[in-house]
Amino acid sequence: MKLHDTLSGLALLLLALLIGWNASGFPEVPGQQIGPAVFPKALAALLALCAVLLILRGRQATTEQAWVQLGAWLQSPLHRRNFLITLACLVFYVLASDFLGFLLCGIAILSVMFYALAVRPSRIAPLAVGLTLLIHTLFYKGLRVPLPWGVLSPIQW
Amino acid sequence: MSVAVWMAALDLVLDAQVLIVILGAAIFGLVIGCIPGLTATMATALLVPLTFFMPPVPAVAAIVTATAMAIFSGDIPGALLRIPGTPASAAYANEAYLMTTKGQAELALGTCLVFSAIGGLFGTVVLILFSPSLAEFALQFSSFEYFWLMILGLSAAVFVGSGSRLKGSISLLIGLLIACVGMENPAAHPRFTFSLPELMSGIELIPMMVGLFAVSELLRYVTDMAPPPVVVATKIGNIFGGMWRLIKTYPLQLLRGSALGTLIGIQPGAGADMAAWISYATSKKFSKEPEKFGTGHVEGIAESGAANNSALAGAWIPAIVFGIPGDSITAIAIGVLYLKNMNPGPTIFINNPQNIYAIFLVFMLANLIMLPLGWLIVKLATKVLNVARNILMPTILLFCIVGAFAVTNSSLGVILILCFGVIAFVMEENGFPIAPVILGAVLGKMLEENLVTSLIKSDGDALLFFTRPIAMWLAAATLIIVTWPVLKRARRVIDSG
């Protein structure tokens, strides 16, 4: 998805203003003229300047550019779906890992992704289980990362 | 430089655990570099969560080895498929592919391998000879010099090189603003934390790197419309045949590529890819047979193949001596050095000399074992290139999740890789480079510290920023870099009219 430079510039200008406004609420350090707001305010000012330049450049552009130009992949249902599935897998892990535990989440994520990317169906289950166990062993046993067990706690090993 | 320190360093490197890590990282780097779409930077980002659990020397050794290998093995799909495995191979991928079509795949790949190793060793020798004396000089630096040095490095990263300078500057500012989050600032005031206790210590660098360089790459893969590359099964014979003759034919090219590559690497913001492009162009310009370039001629490959690997070592000079990264790989490495309490800067040669010399030795070792391991990966190349990417990519996604979780021990890490993955994906689609974001995020805290210290010292007198001699030169150099495009345009206007 390609935004027109003017649009990106406007969004960045808004961001810079928000940062500057938020930073102006930072307290002063007693007895010193350099408070915590100085550096972020300076950065916000520079960002605002760059944003304005970007807007100006967008206005000067000689070639006609759409405000929002959808990439080729956004017009392909398959690629759009795969993009969303990838993001959904990450969100799913954040929401479900405490309850389901790493193993079940990992198997679910790999299965869905394999299915979406057209891995041969007969291979999906063994690969998803095998690879999840491999990563689990590497991190849980090898590096002692406390990956959550969730509902599988009773059979924890 | 005392022998005792070198012996202590050798002791650190010849530890079984370190050697196993080096071997593992080498294979990892070779495989990742060989697969198109998986870059050396991504290899580094994926390794970082693992290095989190290692002592300092193996942690840095893993990164050094994996990147050196990935930069070489990026040449393999370049030669066999005309698709560079990493951006650093793009400059001569076409040339190498044309050699393959002429039946000279062995010569092309052998040149890539041997000249990569020699270039890497050249850069390492410069690194070893140059950085201790540079560090001694840097001991005189105060916050003013550091402030200007960082500004110089950051502006060079944005203003030198290809791409939009304006968009690069915006990326850099975003990175610097990310570094502002949390309460680790001179005033210890929580900034931009949205009252979330998790953000008090700032945004964790590792999940951010994994998001920016790995998750974004996965998103690009699942949205890639290009058909998968077809690998023609080619039997590759002895790649070392004729190499000695080639070195004797092109000694000047080898030396020039290595030297230029190291210099470009030292310069902040310009990494292995730019070294390869510039060296390829230089090679063509000074060649006796420039008409052969672009028809499958080995000369340019020899020169730029040496250049990209020597740039890798060169980039470590400012990284170790000043803590200023030369490219996105060293930016990630600097993050690791901080995590390992090996804070880069000139004092590292006083406080931890054996660790730094151990890293130098790892550089040597990595470039030496590149020859046998590189030979092996070339033999297996058709298999590696045929690896089922629809199985590999989801596995990398799960690896990213676990890596992010391992660092934060909470789901926050996963949220961060998700956010930064999407941010990087959208930014790249709109032409905003990603490397400046990580440079800004890594250097932001140090830049602010030096700015605030300098401002307090100067007590409102801005002139003090320019009166110390070295600071003045650094300031002048920054000014030239930033105004260079304007000066160039002005000259063009005067010339034309």
# chains A, B, ... in the order shown; residues from 1 in each chain; ligands from 1
>>> select_by_dssp(residues="chain A", states="strand (DSSP E or B)", output="list of chain:residue names")
A:Lys2, A:Leu3, A:Val68, A:Gln69
>>> write_last_selection(atoms="C-alpha atoms", output="JSON list (two decimals), in the first residue's frame")
[["chain", "number", "residue", "atom", "x", "y", "z"],
["A", 2, "LYS", "CA", 1.67, 3.18, -1.17],
["A", 3, "LEU", "CA", 0.52, 6.45, 0.32],
["A", 68, "VAL", "CA", -3.55, 5.65, -1.87],
["A", 69, "GLN", "CA", -2.11, 3.17, -4.32]]
>>> closest_atom_pairs(of="chain B", to="chain A", cutoff="7 Å", atoms="only C-alpha atoms", output="Markdown table")
| residue | atom | partner | partner_atom | distance |
| --- | --- | --- | --- | --- |
| B:Phe53 | CA | A:Leu143 | CA | 6.7 |
| B:Leu166 | CA | A:Cys50 | CA | 6.6 |
| B:Ile170 | CA | A:Leu47 | CA | 6.4 |
| B:Leu173 | CA | A:Leu47 | CA | 6.4 |
| B:Leu177 | CA | A:Pro40 | CA | 6.6 |
| B:Cys180 | CA | A:Pro40 | CA | 6.8 |
| B:Ala187 | CA | A:Pro36 | CA | 5.5 |
| B:His189 | CA | A:Pro36 | CA | 6.5 |
| B:Leu219 | CA | A:Phe83 | CA | 6.3 |
| B:Val222 | CA | A:Asn82 | CA | 5.9 |
| B:Thr223 | CA | A:His79 | CA | 5.1 |
| B:Met225 | CA | A:Trp73 | CA | 6.5 |
| B:Asn390 | CA | A:Leu117 | CA | 5.6 |
| B:Ile391 | CA | A:Phe114 | CA | 6.5 |
| B:Pro394 | CA | A:Leu110 | CA | 6.0 |
| B:Thr395 | CA | A:Leu110 | CA | 6.9 |
| B:Leu398 | CA | A:Gly106 | CA | 6.7 |
| B:Ala406 | CA | A:Val145 | CA | 5.6 |
| B:Ser411 | CA | A:Val94 | CA | 5.4 |
| B:Val414 | CA | A:Val94 | CA | 6.5 |
| B:Ile415 | CA | A:Val94 | CA | 6.9 |
| B:Leu418 | CA | A:Leu90 | CA | 6.5 |
| B:Glu429 | CA | A:Lys2 | CA | 6.1 |
| B:Asn430 | CA | A:Lys2 | CA | 5.3 |
| B:Glu448 | CA | A:Phe39 | CA | 6.5 |
| B:Val452 | CA | A:Ile34 | CA | 6.8 |
>>> closest_residue(among="B:Lys292, B:His297, B:Lys284, B:Arg165", to="B:Ala108", atoms="only C-alpha atoms")
B:His297
>>> atom_distance(atom1="atom CA of B:Gly374", atom2="atom CA of B:Gly237")
13.5 Å
>>> select_by_dssp(residues="stretch 85-249 of chain B", states="alpha helix (DSSP H)", output="MDAnalysis selection string")
chainID B and resid 90:101 105:138 143:159 165:180 205:210 216:222 243:249
>>> residues_around(residues="B:Cys419", least_positions_apart="4", cutoff="12 Å", atoms="only C-alpha atoms", output="MDAnalysis selection string")
(chainID A and resid 87 90:91) or (chainID B and resid 203 207:212 215:216 412:415 423:426)
>>> write_last_selection(atoms="all heavy atoms", output="CSV table (one decimal), in the first residue's frame")
chain,number,residue,atom,x,y,z
A,87,LEU,N,-0.4,-12.0,10.5
A,87,LEU,CA,-0.6,-11.1,11.6
A,87,LEU,C,-1.5,-11.8,12.7
A,87,LEU,O,-1.2,-11.7,13.9
A,87,LEU,CB,-1.3,-9.8,11.1
A,87,LEU,CG,-0.5,-9.0,10.2
A,87,LEU,CD1,-1.2,-7.7,9.9
A,87,LEU,CD2,0.9,-8.7,10.7
A,90,LEU,N,0.3,-14.0,15.1
A,90,LEU,CA,1.0,-13.3,16.2
A,90,LEU,C,0.0,-12.9,17.3
A,90,LEU,O,0.3,-13.0,18.4
A,90,LEU,CB,1.8,-12.1,15.6
A,90,LEU,CG,3.0,-12.5,14.8
A,90,LEU,CD1,3.5,-11.3,13.9
A,90,LEU,CD2,4.1,-13.0,15.7
A,91,VAL,N,-1.1,-12.3,16.8
A,91,VAL,CA,-2.1,-11.8,17.8
A,91,VAL,C,-2.6,-13.0,18.6
A,91,VAL,O,-2.8,-13.0,19.8
A,91,VAL,CB,-3.3,-11.1,17.1
A,91,VAL,CG1,-4.4,-10.8,18.0
A,91,VAL,CG2,-2.8,-9.9,16.3
B,203,ILE,N,11.8,0.7,25.1
B,203,ILE,CA,11.4,-0.4,24.2
B,203,ILE,C,12.6,-1.4,24.0
B,203,ILE,O,13.7,-1.0,23.7
B,203,ILE,CB,11.0,0.2,22.8
B,203,ILE,CG1,9.7,0.9,23.1
B,203,ILE,CG2,10.8,-0.9,21.8
B,203,ILE,CD1,9.1,1.6,21.9
B,207,PRO,N,13.4,-7.5,20.5
B,207,PRO,CA,12.2,-7.8,19.8
B,207,PRO,C,12.0,-6.7,18.7
B,207,PRO,O,11.5,-7.1,17.6
B,207,PRO,CB,11.1,-7.6,20.9
B,207,PRO,CG,11.8,-7.8,22.1
B,207,PRO,CD,13.2,-7.4,22.0
B,208,MET,N,12.5,-5.5,18.9
B,208,MET,CA,12.4,-4.5,17.9
B,208,MET,C,13.1,-4.9,16.6
B,208,MET,O,12.6,-4.8,15.5
B,208,MET,CB,12.9,-3.2,18.4
B,208,MET,CG,12.8,-2.0,17.5
B,208,MET,SD,13.4,-0.6,18.3
B,208,MET,CE,14.0,0.3,16.9
B,209,MET,N,14.4,-5.4,16.8
B,209,MET,CA,15.2,-5.8,15.7
B,209,MET,C,14.6,-7.0,15.0
B,209,MET,O,14.5,-7.1,13.7
B,209,MET,CB,16.6,-6.2,16.2
B,209,MET,CG,17.4,-5.1,16.7
B,209,MET,SD,18.8,-5.8,17.6
B,209,MET,CE,19.5,-4.4,18.2
B,210,VAL,N,14.0,-8.0,15.8
B,210,VAL,CA,13.4,-9.1,15.1
B,210,VAL,C,12.2,-8.7,14.3
B,210,VAL,O,12.0,-9.2,13.2
B,210,VAL,CB,13.0,-10.2,16.2
B,210,VAL,CG1,12.2,-11.3,15.6
B,210,VAL,CG2,14.2,-10.7,16.9
B,211,GLY,N,11.4,-7.8,14.8
B,211,GLY,CA,10.3,-7.3,14.1
B,211,GLY,C,10.7,-6.5,12.8
B,211,GLY,O,10.2,-6.8,11.7
B,212,LEU,N,11.7,-5.6,13.0
B,212,LEU,CA,12.1,-4.8,11.8
B,212,LEU,C,12.7,-5.6,10.7
B,212,LEU,O,12.5,-5.3,9.5
B,212,LEU,CB,13.1,-3.7,12.3
B,212,LEU,CG,12.5,-2.6,13.1
B,212,LEU,CD1,13.7,-1.6,13.5
B,212,LEU,CD2,11.5,-1.8,12.4
B,215,VAL,N,10.3,-10.2,10.9
B,215,VAL,CA,8.9,-10.4,10.7
B,215,VAL,C,8.5,-9.6,9.4
B,215,VAL,O,7.7,-10.1,8.6
B,215,VAL,CB,8.1,-9.8,11.9
B,215,VAL,CG1,6.6,-9.8,11.6
B,215,VAL,CG2,8.4,-10.7,13.1
B,216,SER,N,9.1,-8.4,9.2
B,216,SER,CA,8.8,-7.7,8.0
B,216,SER,C,9.1,-8.5,6.7
B,216,SER,O,8.4,-8.5,5.7
B,216,SER,CB,9.5,-6.3,8.0
B,216,SER,OG,10.9,-6.6,7.9
B,412,LEU,N,4.7,-9.3,25.8
B,412,LEU,CA,5.1,-7.9,25.3
B,412,LEU,C,6.0,-8.0,24.1
B,412,LEU,O,5.9,-7.3,23.2
B,412,LEU,CB,5.7,-7.1,26.4
B,412,LEU,CG,6.1,-5.7,26.0
B,412,LEU,CD1,5.0,-4.8,25.7
B,412,LEU,CD2,7.1,-5.1,27.0
B,413,GLY,N,7.0,-9.0,24.2
B,413,GLY,CA,8.0,-9.2,23.2
B,413,GLY,C,7.3,-9.5,21.9
B,413,GLY,O,7.6,-9.0,20.8
B,414,VAL,N,6.2,-10.3,21.9
B,414,VAL,CA,5.5,-10.7,20.7
B,414,VAL,C,4.7,-9.6,20.2
B,414,VAL,O,4.7,-9.3,18.9
B,414,VAL,CB,4.6,-12.0,21.0
B,414,VAL,CG1,4.0,-12.4,19.7
B,414,VAL,CG2,5.4,-13.1,21.7
B,415,ILE,N,4.1,-8.8,21.1
B,415,ILE,CA,3.4,-7.6,20.6
B,415,ILE,C,4.4,-6.6,19.9
B,415,ILE,O,4.1,-6.1,18.8
B,415,ILE,CB,2.8,-6.8,21.8
B,415,ILE,CG1,1.7,-7.7,22.5
B,415,ILE,CG2,2.1,-5.5,21.4
B,415,ILE,CD1,1.1,-7.2,23.7
B,423,ILE,N,5.2,-2.0,11.0
B,423,ILE,CA,5.8,-0.7,10.7
B,423,ILE,C,6.8,-0.8,9.6
B,423,ILE,O,6.8,0.0,8.7
B,423,ILE,CB,6.4,-0.1,12.0
B,423,ILE,CG1,5.3,0.3,13.0
B,423,ILE,CG2,7.2,1.1,11.7
B,423,ILE,CD1,5.8,0.7,14.4
B,424,ALA,N,7.8,-1.7,9.8
B,424,ALA,CA,8.8,-1.9,8.8
B,424,ALA,C,8.3,-2.2,7.4
B,424,ALA,O,8.7,-1.7,6.4
B,424,ALA,CB,9.8,-2.9,9.2
B,425,PHE,N,7.3,-3.1,7.4
B,425,PHE,CA,6.6,-3.5,6.1
B,425,PHE,C,6.0,-2.3,5.4
B,425,PHE,O,6.3,-2.0,4.2
B,425,PHE,CB,5.6,-4.5,6.4
B,425,PHE,CG,4.9,-5.0,5.1
B,425,PHE,CD1,5.5,-5.9,4.3
B,425,PHE,CD2,3.6,-4.6,4.8
B,425,PHE,CE1,4.9,-6.4,3.1
B,425,PHE,CE2,3.0,-5.1,3.7
B,425,PHE,CZ,3.6,-6.0,2.8
B,426,VAL,N,5.2,-1.5,6.2
B,426,VAL,CA,4.6,-0.3,5.6
B,426,VAL,C,5.6,0.7,5.2
B,426,VAL,O,5.5,1.3,4.1
B,426,VAL,CB,3.6,0.3,6.6
B,426,VAL,CG1,3.0,1.6,6.1
B,426,VAL,CG2,2.5,-0.7,6.9
>>> decode(residues="stretch 91-117 of chain A", atoms="C-alpha atoms", output="mmCIF file, in the first residue's frame")
data_model
loop_
_atom_site.group_PDB
_atom_site.id
_atom_site.type_symbol
_atom_site.label_atom_id
_atom_site.label_comp_id
_atom_site.auth_asym_id
_atom_site.auth_seq_id
_atom_site.Cartn_x
_atom_site.Cartn_y
_atom_site.Cartn_z
ATOM 1 C CA VAL A 91 -2.121 -11.849 17.785
ATOM 2 C CA PHE A 92 -3.337 -15.370 18.543
ATOM 3 C CA TYR A 93 -0.094 -16.155 20.363
ATOM 4 C CA VAL A 94 -0.342 -12.984 22.462
ATOM 5 C CA LEU A 95 -3.933 -13.738 23.461
ATOM 6 C CA ALA A 96 -3.868 -17.510 23.850
ATOM 7 C CA SER A 97 -0.363 -18.533 24.935
ATOM 8 C CA ASP A 98 -0.967 -18.186 28.671
ATOM 9 C CA PHE A 99 -4.045 -20.377 28.513
ATOM 10 C CA LEU A 100 -3.150 -22.890 25.781
ATOM 11 C CA GLY A 101 0.575 -22.936 26.422
ATOM 12 C CA PHE A 102 3.415 -22.748 23.915
ATOM 13 C CA LEU A 103 3.112 -26.241 22.471
ATOM 14 C CA LEU A 104 -0.548 -26.035 21.455
ATOM 15 C CA CYS A 105 -0.164 -22.466 20.198
ATOM 16 C CA GLY A 106 2.946 -23.359 18.219
ATOM 17 C CA ILE A 107 1.306 -26.377 16.595
ATOM 18 C CA ALA A 108 -1.786 -24.324 15.760
ATOM 19 C CA ILE A 109 0.241 -21.458 14.257
ATOM 20 C CA LEU A 110 2.422 -23.725 12.148
ATOM 21 C CA SER A 111 -0.559 -25.780 10.938
ATOM 22 C CA VAL A 112 -2.494 -22.704 9.872
ATOM 23 C CA MET A 113 0.515 -21.139 8.172
ATOM 24 C CA PHE A 114 1.442 -24.383 6.399
ATOM 25 C CA TYR A 115 -2.131 -24.752 5.203
ATOM 26 C CA ALA A 116 -2.213 -21.153 4.002
ATOM 27 C CA LEU A 117 1.063 -21.572 2.122
#
